[in-house]
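Novice: As input, take structure.txt (compact mmCIF, C-alpha atoms and all ligand atoms):
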```txt
# COMPACT_ATOMS: atom_id res chain seq x y z
CA MET A 840 41.04 45.86 1.41
CA ARG A 841 40.27 42.16 1.85
CA GLY A 842 39.74 40.64 5.28
CA ILE A 843 39.02 43.66 7.49
CA GLU A 844 35.23 43.66 7.10
CA GLY A 845 33.68 42.06 10.19
CA ARG A 846 36.97 41.81 12.10
CA VAL A 847 37.50 43.11 15.65
CA ALA A 848 40.32 45.59 16.31
CA LEU A 849 41.92 47.35 19.27
CA VAL A 850 44.02 50.48 18.64
CA THR A 851 45.97 51.98 21.56
CA GLY A 852 46.72 55.69 21.89
CA ALA A 853 43.95 56.37 19.37
CA GLY A 854 42.42 59.51 20.87
CA ARG A 855 44.27 61.68 18.34
CA GLY A 856 46.98 61.75 15.70
CA ILE A 857 48.09 58.58 13.98
CA GLY A 858 46.10 56.21 16.22
CA ALA A 859 42.84 58.06 15.55
CA ALA A 860 43.49 57.88 11.78
CA ILE A 861 44.14 54.12 12.07
CA ALA A 862 40.91 53.60 14.06
CA ARG A 863 38.91 55.56 11.45
CA ARG A 864 40.48 53.68 8.55
CA LEU A 865 39.88 50.21 10.06
CA ALA A 866 36.25 51.15 10.81
CA SER A 867 35.80 52.48 7.26
CA GLU A 868 37.01 49.09 5.99
CA GLY A 869 34.30 47.41 8.09
CA ALA A 870 36.05 46.48 11.37
CA SER A 871 34.64 47.05 14.84
CA VAL A 872 37.20 49.09 16.76
CA LEU A 873 37.90 49.55 20.46
CA VAL A 874 39.57 52.96 20.68
CA ASN A 875 41.92 53.24 23.67
CA ASP A 876 43.64 56.33 25.00
CA VAL A 877 44.92 57.33 28.42
CA ASP A 878 42.93 60.47 27.65
CA ALA A 879 39.53 58.75 27.95
CA GLU A 880 37.60 61.76 26.67
CA ALA A 881 39.62 61.93 23.46
CA ALA A 882 39.11 58.18 22.93
CA ALA A 883 35.34 58.56 23.43
CA GLU A 884 35.18 61.35 20.83
CA VAL A 885 36.92 59.24 18.19
CA ALA A 886 34.76 56.20 19.01
CA ALA A 887 31.60 58.32 18.69
CA GLU A 888 32.59 59.15 15.09
CA LEU A 889 32.63 55.43 14.30
CA GLY A 890 28.99 54.86 15.31
CA ASP A 891 28.10 51.19 15.92
CA ARG A 892 31.59 50.19 14.85
CA GLY A 893 33.26 52.09 17.72
CA ALA A 894 33.65 51.76 21.48
CA SER A 895 36.18 53.43 23.73
CA THR A 896 38.18 52.87 26.86
CA GLY A 897 40.61 54.89 28.92
CA GLY A 898 43.47 53.22 30.73
CA SER A 899 47.20 53.18 30.32
CA VAL A 900 48.97 50.59 28.20
CA ALA A 901 51.81 50.80 30.72
CA ARG A 902 49.67 49.06 33.36
CA PRO A 903 49.18 45.29 32.92
CA GLU A 904 45.79 45.42 34.66
CA ASP A 905 44.56 48.12 32.23
CA ALA A 906 45.77 46.06 29.27
CA GLY A 907 43.81 43.07 30.60
CA ALA A 908 40.70 45.20 31.02
CA MET A 909 40.96 46.50 27.42
CA VAL A 910 41.16 42.99 26.01
CA ALA A 911 38.21 41.85 28.17
CA LEU A 912 36.16 44.83 26.98
CA VAL A 913 36.84 44.05 23.31
CA GLN A 914 35.54 40.52 23.82
CA GLU A 915 32.47 41.77 25.67
CA ARG A 916 31.57 44.47 23.12
CA PHE A 917 32.55 42.91 19.81
CA GLY A 918 33.84 39.33 20.27
CA PRO A 919 37.36 37.86 20.02
CA LEU A 920 40.14 40.18 18.94
CA ASP A 921 41.54 39.85 15.40
CA ILE A 922 43.68 42.99 14.99
CA LEU A 923 45.88 44.63 17.65
CA VAL A 924 47.60 47.93 16.83
CA ASN A 925 50.17 49.03 19.42
CA ASN A 926 50.33 52.75 18.67
CA ALA A 927 50.46 54.55 22.05
CA GLY A 928 53.63 56.58 22.44
CA VAL A 929 55.20 59.47 24.35
CA THR A 930 58.43 61.44 24.17
CA ARG A 931 60.64 62.94 26.90
CA ASP A 932 63.50 64.23 24.78
CA GLY A 933 66.90 65.21 26.16
CA MET A 934 70.59 64.45 25.83
CA LEU A 935 71.53 61.19 27.52
CA HIS A 936 74.02 62.73 29.96
CA ARG A 937 71.20 64.84 31.39
CA MET A 938 68.34 62.31 31.05
CA THR A 939 66.44 61.57 34.25
CA ASP A 940 65.33 58.12 35.36
CA GLU A 941 61.76 59.37 35.06
CA ALA A 942 62.24 60.38 31.41
CA TRP A 943 63.80 57.00 30.59
CA ASP A 944 61.22 54.91 32.48
CA THR A 945 58.15 56.79 31.22
CA VAL A 946 59.01 56.35 27.56
CA LEU A 947 60.11 52.72 27.90
CA ASP A 948 57.02 51.91 30.00
CA VAL A 949 54.52 53.30 27.49
CA ILE A 950 56.14 52.24 24.22
CA LEU A 951 57.84 48.92 24.97
CA ARG A 952 56.24 47.60 28.15
CA GLY A 953 52.88 48.84 26.81
CA ALA A 954 53.15 46.72 23.66
CA PHE A 955 54.33 43.75 25.76
CA ASN A 956 51.37 44.18 28.14
CA LEU A 957 48.85 44.25 25.29
CA CYS A 958 50.38 41.36 23.34
CA ARG A 959 50.50 39.18 26.45
CA ALA A 960 46.96 40.04 27.51
CA ALA A 961 45.63 39.45 23.98
CA ALA A 962 47.64 36.25 23.39
CA PRO A 963 44.82 33.76 24.15
CA MET A 964 42.50 35.53 21.69
CA LEU A 965 45.03 36.21 18.96
CA ARG A 966 46.44 32.67 19.12
CA ARG A 967 43.03 30.99 19.01
CA ASP A 968 42.04 28.67 16.19
CA ALA A 969 40.30 30.75 13.53
CA PRO A 970 39.65 30.44 9.79
CA HIS A 971 41.56 33.68 9.12
CA HIS A 972 44.91 35.16 10.17
CA ARG A 973 45.07 37.46 13.17
CA LYS A 974 47.27 40.58 13.00
CA VAL A 975 49.52 42.62 15.26
CA VAL A 976 50.86 45.94 13.95
CA ASN A 977 53.41 47.77 16.09
CA ILE A 978 53.98 51.46 15.35
CA THR A 979 57.71 51.95 15.77
CA SER A 980 59.77 54.79 14.22
CA ILE A 981 62.75 55.38 11.96
CA ASN A 982 64.41 56.61 15.18
CA GLY A 983 64.38 52.99 16.39
CA ILE A 984 66.35 51.95 13.30
CA TYR A 985 68.74 54.87 12.81
CA GLY A 986 68.81 56.63 16.21
CA THR A 987 68.40 60.35 16.78
CA VAL A 988 70.17 62.91 18.94
CA ALA A 989 68.45 63.74 22.27
CA ASN A 990 66.23 60.71 21.90
CA ALA A 991 67.97 57.74 23.60
CA ASN A 992 64.88 56.72 25.56
CA TYR A 993 62.50 56.91 22.56
CA SER A 994 64.92 55.37 20.05
CA SER A 995 65.72 52.51 22.47
CA ALA A 996 62.04 51.84 23.12
CA LYS A 997 61.26 51.85 19.38
CA ALA A 998 64.25 49.58 18.68
CA GLY A 999 62.98 47.24 21.40
CA LEU A 1000 59.59 47.20 19.70
CA ILE A 1001 61.30 45.92 16.55
CA GLY A 1002 62.86 43.06 18.55
CA LEU A 1003 59.44 42.28 20.02
CA THR A 1004 57.91 42.30 16.52
CA LYS A 1005 60.43 39.86 15.06
CA THR A 1006 60.34 37.52 18.06
CA LEU A 1007 56.55 37.39 18.22
CA ALA A 1008 56.39 36.83 14.46
CA ARG A 1009 58.45 33.67 15.02
CA GLU A 1010 56.56 32.56 18.13
CA TRP A 1011 53.06 33.15 16.73
CA GLY A 1012 53.59 32.46 13.01
CA PRO A 1013 52.60 28.80 13.42
CA ARG A 1014 49.27 30.02 14.89
CA GLN A 1015 48.63 32.21 11.79
CA VAL A 1016 49.23 35.45 13.66
CA ASN A 1017 51.18 37.98 11.57
CA VAL A 1018 53.29 40.47 13.52
CA ASN A 1019 54.73 43.45 11.63
CA ALA A 1020 55.91 46.97 12.39
CA VAL A 1021 55.48 50.31 10.67
CA ALA A 1022 58.39 52.75 11.04
CA PRO A 1023 57.13 56.22 10.12
CA GLY A 1024 59.47 59.09 9.40
CA PHE A 1025 58.19 62.64 9.77
CA ILE A 1026 54.38 62.65 10.09
CA GLU A 1027 52.78 66.09 10.24
CA GLY A 1028 49.68 67.06 12.21
CA THR A 1029 50.52 65.21 15.42
CA ARG A 1030 51.50 66.43 18.86
CA LEU A 1031 54.96 64.94 18.37
CA THR A 1032 55.55 67.07 15.27
CA ALA A 1033 53.59 70.22 16.16
CA VAL A 1034 54.90 73.53 14.87
CA ARG A 1035 56.31 75.69 17.66
CA ASP A 1036 53.68 77.58 19.59
CA GLU A 1037 54.88 81.16 20.11
CA GLU A 1038 53.21 81.43 23.52
CA THR A 1039 54.36 78.17 25.11
CA GLY A 1040 57.61 77.79 23.15
CA LEU A 1041 56.71 74.09 22.69
CA GLY A 1042 57.02 72.37 19.32
CA ILE A 1043 59.40 72.37 16.38
CA PRO A 1044 60.57 75.72 14.92
CA PRO A 1045 59.07 76.29 11.41
CA GLU A 1046 62.50 76.62 9.78
CA VAL A 1047 63.50 73.19 11.15
CA LEU A 1048 60.29 71.71 9.73
CA ASP A 1049 60.98 73.29 6.34
CA GLY A 1050 64.52 71.86 6.45
CA ILE A 1051 63.21 68.33 7.09
CA VAL A 1052 60.57 68.50 4.35
CA ALA A 1053 63.13 69.86 1.85
CA GLN A 1054 65.09 66.59 2.19
CA ILE A 1055 62.13 64.28 1.54
CA PRO A 1056 62.18 62.93 -2.05
CA VAL A 1057 58.39 62.90 -2.46
CA GLY A 1058 58.39 66.58 -1.46
CA ARG A 1059 56.09 66.53 1.54
CA ALA A 1060 55.79 65.33 5.13
CA GLY A 1061 53.84 62.15 5.78
CA THR A 1062 50.26 62.27 7.03
CA CYS A 1063 48.39 60.27 9.63
CA ASP A 1064 46.36 58.79 6.75
CA ASP A 1065 49.58 57.55 5.11
CA VAL A 1066 50.34 55.55 8.27
CA ALA A 1067 46.73 54.39 8.53
CA GLY A 1068 46.77 53.09 4.94
CA LEU A 1069 49.88 50.96 5.48
CA THR A 1070 48.56 49.73 8.84
CA ALA A 1071 45.27 48.71 7.22
CA PHE A 1072 47.21 46.74 4.59
CA LEU A 1073 49.15 44.95 7.35
CA ALA A 1074 45.84 44.25 9.14
CA SER A 1075 44.19 42.86 5.98
CA SER A 1076 44.36 39.41 4.42
CA ASP A 1077 46.31 40.92 1.51
CA SER A 1078 49.39 40.67 3.78
CA ASP A 1079 48.88 37.12 5.10
CA TYR A 1080 52.32 35.98 3.86
CA LEU A 1081 54.15 38.98 5.35
CA THR A 1082 55.43 38.72 8.91
CA GLY A 1083 58.33 39.90 11.08
CA GLN A 1084 58.86 42.92 8.82
CA VAL A 1085 59.56 46.55 9.62
CA VAL A 1086 58.14 48.73 6.85
CA GLU A 1087 59.77 52.17 6.67
CA LEU A 1088 57.36 54.95 5.71
CA HIS A 1089 59.24 58.19 5.14
CA GLY A 1090 58.77 59.38 1.56
CA GLY A 1091 62.29 58.23 0.69
CA LEU A 1092 64.02 60.31 3.38
CA GLU A 1093 66.40 57.54 4.37
CA ILE A 1094 67.59 56.98 0.79
CA VAL A 1095 68.76 60.58 0.78
CA ARG A 1096 70.53 60.20 4.11
CA VAL A 1097 72.39 57.12 2.94
CA VAL A 1098 73.72 58.61 -0.31
CA ALA A 1099 74.28 62.17 0.96
N1 LIG B 1101 54.38 61.90 14.56
C1 LIG B 1101 55.42 61.34 13.99
O1 LIG B 1101 56.11 61.95 13.17
C2 LIG B 1101 55.78 59.92 14.34
C3 LIG B 1101 56.87 59.33 13.69
C4 LIG B 1101 57.21 58.02 13.97
C5 LIG B 1101 56.49 57.29 14.91
N2 LIG B 1101 55.42 57.88 15.55
C6 LIG B 1101 54.70 57.06 16.53
O2 LIG B 1101 53.34 57.02 16.19
C7 LIG B 1101 52.56 56.79 17.38
C8 LIG B 1101 51.45 57.83 17.46
O3 LIG B 1101 52.05 59.10 17.66
P1 LIG B 1101 51.40 60.49 17.25
O4 LIG B 1101 52.40 61.18 16.44
O5 LIG B 1101 50.03 60.29 16.72
O6 LIG B 1101 51.41 61.19 18.69
P2 LIG B 1101 50.26 61.83 19.59
O7 LIG B 1101 50.93 62.34 20.80
O8 LIG B 1101 49.44 62.75 18.76
O9 LIG B 1101 49.36 60.54 19.96
C9 LIG B 1101 49.79 59.58 20.90
C10 LIG B 1101 48.59 59.15 21.73
O10 LIG B 1101 48.99 58.15 22.69
C11 LIG B 1101 48.31 58.42 23.90
N3 LIG B 1101 49.01 57.81 25.03
C12 LIG B 1101 50.14 58.26 25.64
N4 LIG B 1101 50.45 57.47 26.68
C13 LIG B 1101 49.52 56.47 26.71
C14 LIG B 1101 49.31 55.37 27.55
N5 LIG B 1101 50.14 55.12 28.58
N6 LIG B 1101 48.24 54.55 27.31
C15 LIG B 1101 47.39 54.83 26.29
N7 LIG B 1101 47.54 55.89 25.48
C16 LIG B 1101 48.60 56.70 25.68
C17 LIG B 1101 48.29 59.94 24.00
O11 LIG B 1101 47.30 60.39 24.92
C18 LIG B 1101 48.01 60.32 22.55
O12 LIG B 1101 46.62 60.46 22.30
C19 LIG B 1101 53.53 56.85 18.55
O13 LIG B 1101 53.90 55.54 18.93
C20 LIG B 1101 54.72 57.58 17.96
O14 LIG B 1101 55.91 57.27 18.62
C21 LIG B 1101 55.06 59.17 15.29
```
Just give me the structure as structure tokens.

Specialist:
Amino acid sequence: MRGIEGRVALVTGAGRGIGAAIARRLASEGASVLVNDVDAEAAAEVAAELGDRGASTGGSVARPEDAGAMVALVQERFGPLDILVNNAGVTRDGMLHRMTDEAWDTVLDVILRGAFNLCRAAAPMLRRDAPHHRKVVNITSINGIYGTVANANYSSAKAGLIGLTKTLAREWGPRQVNVNAVAPGFIEGTRLTAVRDEETGLGIPPEVLDGIVAQIPVGRAGTCDDVAGLTAFLASSDSDYLTGQVVELHGGLEIVRVVA
């Protein structure tokens, strides 16, 4: 892809799952990548795979001071930031009438406040004068567009991230900063979509997984690499005229829902 080689990227929540796949893909396209995760060990392992193109940092996106430290570290290690991917996310599912303040605050703090913290901290670098566009990619979810039962905190946070995306696209467009969102559907091989573990009882029952996949027109769940590919496109100069968009990535699942 054009315009990733030599760029500097920061990917949050990249110690595993989708974020790790995005970090690997951007590095394979020639970017230097600061891999963040609140699980500092996981972030360090992913960064080690990237060799000279990787560095890692712990820290929580939910804390403004950690966000500031991440942005300072990028500058120190690789130079001014070109690509920011707000990927960190958590879930605390439950029906709204039983949802605790803690469950609401935790999810909103990581997903929505986290993206706000990073965008604000990175603003001076992203908005700088440069010969190329700078890029922000926010990983939202189809839940933020369509809603899901037992998911008010997560769906609200992801919907808020869409508002942030569109507003920043307008504010920063004149500075040649593109701000877009990816809204994945069901992505397999992540903690959020893990198959139920018989011992702990955590995860999604296999029959529920089969039911979801059966409805997807392309006949399979999405992969972390599917999300990484679209994110790389949105981080590249091939998408310089695209901003303020929410790209749904669900193998056609929503088409089925609408006509069913
Ligand atoms: N898996 C899916 O089907 C799916 C679908 C739609 C959207 N998403 C979104 O994709 C993103 C990645 O999710 P995933 O499926 O890879 O989940 P995951 O749980 O495997 O990865 C999320 C990562 O974020 C990290 N993290 C959590 N809180 C953090 C914080 N405060 N600061 C920094 N890092 C933090 C976690 O330690 C973890 O490594 C999330 O935003 C998620 O909401 C996932």

Novice: Excluding same-chain residues fewer than 3 positions from stretch 954-962 of chain A, what lies within 7 Å of it counting all atoms listed in the file, as a PDB file with C-alpha atoms, keeping the file's coordinate frame?

Specialist:
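File produced: selection_18.pdb:
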```pdb
ATOM      1  CA  VAL A 900      48.970  50.590  28.200  1.00  0.00           C
ATOM      2  CA  PRO A 903      49.180  45.290  32.920  1.00  0.00           C
ATOM      3  CA  ALA A 906      45.770  46.060  29.270  1.00  0.00           C
ATOM      4  CA  GLY A 907      43.810  43.070  30.600  1.00  0.00           C
ATOM      5  CA  VAL A 910      41.160  42.990  26.010  1.00  0.00           C
ATOM      6  CA  ASN A 925      50.170  49.030  19.420  1.00  0.00           C
ATOM      7  CA  ILE A 950      56.140  52.240  24.220  1.00  0.00           C
ATOM      8  CA  LEU A 951      57.840  48.920  24.970  1.00  0.00           C
ATOM      9  CA  LEU A 965      45.030  36.210  18.960  1.00  0.00           C
ATOM     10  CA  ARG A 966      46.440  32.670  19.120  1.00  0.00           C
TER      11      ARG A 966
END
```

Novice: May I have the residues within 7 Å of ligand LIG 1101 (chain B), computed using only C-alpha atoms and all ligand atoms, as an MDAnalysis selection string?

Specialist: chainID A and resid 851:858 875:878 898:901 926:929 949:950 978:981 1022:1027 1029:1032

Novice: Any idea what's packed within 10 Å of A:Val988, counting only C-alpha atoms, ignoring anything in its chain fewer than 2 positions away? Could you give it as a PyMOL selection string?

Specialist: chain A and resi 932-935+982+986+990-991+994

Novice: What does the file look like for those residues with C-alpha atoms, as a short mmCIF file (atom, residue, chain, number, x, y, z; two decimals), keeping the file's coordinate frame?

Specialist:
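Done, and the output landed in part24.cif:
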```cif
data_model
loop_
_atom_site.label_atom_id
_atom_site.label_comp_id
_atom_site.auth_asym_id
_atom_site.auth_seq_id
_atom_site.Cartn_x
_atom_site.Cartn_y
_atom_site.Cartn_z
CA ASP A 932 63.50 64.23 24.78
CA GLY A 933 66.90 65.21 26.16
CA MET A 934 70.59 64.45 25.83
CA LEU A 935 71.53 61.19 27.52
CA ASN A 982 64.41 56.61 15.18
CA GLY A 986 68.81 56.63 16.21
CA ASN A 990 66.23 60.71 21.90
CA ALA A 991 67.97 57.74 23.60
CA SER A 994 64.92 55.37 20.05
#
```

Novice: Between atom CA of A:Arg863 and atom CA of A:Ala911, what is the spacing in Å?

Specialist: 21.6 Å

Novice: When you count all atoms listed in the file, which of these residues is closest to A:Asp1064: A:Gly890, A:Gly1028, A:Gly1002, A:Pro970?

Specialist: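 Once distances to A:Asp1064 are computed over all atoms listed in the file, the minimum belongs to A:Gly1028.
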
Novice: Could you check the closest approach to A:Tyr1080 for each of A:Val1047, A:Leu1000, A:Ala886, A:Ala1008 and tell me which residue wins, using all atoms listed in the file?

Specialist: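 Residue with the minimum atom-to-atom distance to A:Tyr1080: A:Ala1008.
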
Novice: Take every atom of stretch 892-903 of chain A listed in the file, pad by 5 Å on each side, and give me the axis-aligned box centre and edge lengths in Å, one decimal, as JSON.

Specialist:
```
{"center_x": 41.7, "center_y": 50.1, "center_z": 24.1, "size_x": 30.2, "size_y": 19.6, "size_z": 28.5}
```

Novice: Nearest to A:His971: which of A:Ile843, A:Leu889, A:Ala859, A:Val874 is it, counting only C-alpha atoms?

Specialist: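 Among A:Ile843, A:Leu889, A:Ala859, A:Val874, it is A:Ile843 that comes nearest to A:His971.
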
Novice: Skip A:Trp943 itself and residues of its chain fewer than 2 positions away, then list as an mmCIF file with C-alpha atoms, in the frame of the given file all residues within 10 Å of it, counting all atoms listed in the file.

Specialist:
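The resulting file, result.cif, is reproduced below:
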```cif
data_model
loop_
_atom_site.group_PDB
_atom_site.id
_atom_site.type_symbol
_atom_site.label_atom_id
_atom_site.label_comp_id
_atom_site.auth_asym_id
_atom_site.auth_seq_id
_atom_site.Cartn_x
_atom_site.Cartn_y
_atom_site.Cartn_z
ATOM 1 C CA THR A 930 58.430 61.440 24.170
ATOM 2 C CA ARG A 931 60.640 62.940 26.900
ATOM 3 C CA ASP A 932 63.500 64.230 24.780
ATOM 4 C CA GLY A 933 66.900 65.210 26.160
ATOM 5 C CA LEU A 935 71.530 61.190 27.520
ATOM 6 C CA MET A 938 68.340 62.310 31.050
ATOM 7 C CA THR A 939 66.440 61.570 34.250
ATOM 8 C CA ASP A 940 65.330 58.120 35.360
ATOM 9 C CA GLU A 941 61.760 59.370 35.060
ATOM 10 C CA THR A 945 58.150 56.790 31.220
ATOM 11 C CA VAL A 946 59.010 56.350 27.560
ATOM 12 C CA LEU A 947 60.110 52.720 27.900
ATOM 13 C CA ASP A 948 57.020 51.910 30.000
ATOM 14 C CA ASN A 990 66.230 60.710 21.900
ATOM 15 C CA ALA A 991 67.970 57.740 23.600
ATOM 16 C CA ASN A 992 64.880 56.720 25.560
ATOM 17 C CA TYR A 993 62.500 56.910 22.560
ATOM 18 C CA SER A 995 65.720 52.510 22.470
ATOM 19 C CA ALA A 996 62.040 51.840 23.120
#
```

Novice: Quick one: pull the distance between atom CA of A:Ile984 and atom CA of A:Gly953, Å, one decimal.

Specialist: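 Distance between the two atoms: 19.3 Å.
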
Novice: Which residue is closest to A:Ala1071? Choose from A:Gly897, A:Val1085, A:Ile1001, A:Ile922 and count only C-alpha atoms.

Specialist: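 Between A:Gly897, A:Val1085, A:Ile1001, A:Ile922, the residue approaching A:Ala1071 most closely is A:Ile922.
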
Novice: Given the point (47.7, 47.5, 8.5) in the file's coordinates, find the residues that have an atom at most 9 Å from it, counting all atoms listed in the file, and give them as a list of chain:residue names.

Specialist: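 Answer for this query, in the requested form: A:Ile861, A:Leu865, A:Ile922, A:Val924, A:Lys974, A:Val975, A:Val976, A:Asn1019, A:Val1021, A:Val1066, A:Ala1067, A:Gly1068, A:Leu1069, A:Thr1070, A:Ala1071, A:Phe1072, A:Leu1073, A:Ala1074, A:Ser1075, A:Ser1078.
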
Novice: Can you measure atom CA of A:Cys1063 to atom CA of A:Ser871 for me? One decimal in Å is fine.

Specialist: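 Those two atoms sit 19.8 Å apart.
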
Novice: At most 10 Å from (34.9, 38.2, 7.7), file frame, all atoms listed in the file: which residues, as an mmCIF file with C-alpha atoms, keeping the file's coordinate frame?

Specialist:
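What ended up in out-v6.cif:
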```
data_model
loop_
_atom_site.group_PDB
_atom_site.id
_atom_site.type_symbol
_atom_site.label_atom_id
_atom_site.label_comp_id
_atom_site.auth_asym_id
_atom_site.auth_seq_id
_atom_site.Cartn_x
_atom_site.Cartn_y
_atom_site.Cartn_z
ATOM 1 C CA ARG A 841 40.270 42.160 1.850
ATOM 2 C CA GLY A 842 39.740 40.640 5.280
ATOM 3 C CA ILE A 843 39.020 43.660 7.490
ATOM 4 C CA GLU A 844 35.230 43.660 7.100
ATOM 5 C CA GLY A 845 33.680 42.060 10.190
ATOM 6 C CA ARG A 846 36.970 41.810 12.100
ATOM 7 C CA VAL A 847 37.500 43.110 15.650
ATOM 8 C CA GLY A 869 34.300 47.410 8.090
ATOM 9 C CA ALA A 870 36.050 46.480 11.370
ATOM 10 C CA PRO A 970 39.650 30.440 9.790
ATOM 11 C CA HIS A 971 41.560 33.680 9.120
#
```
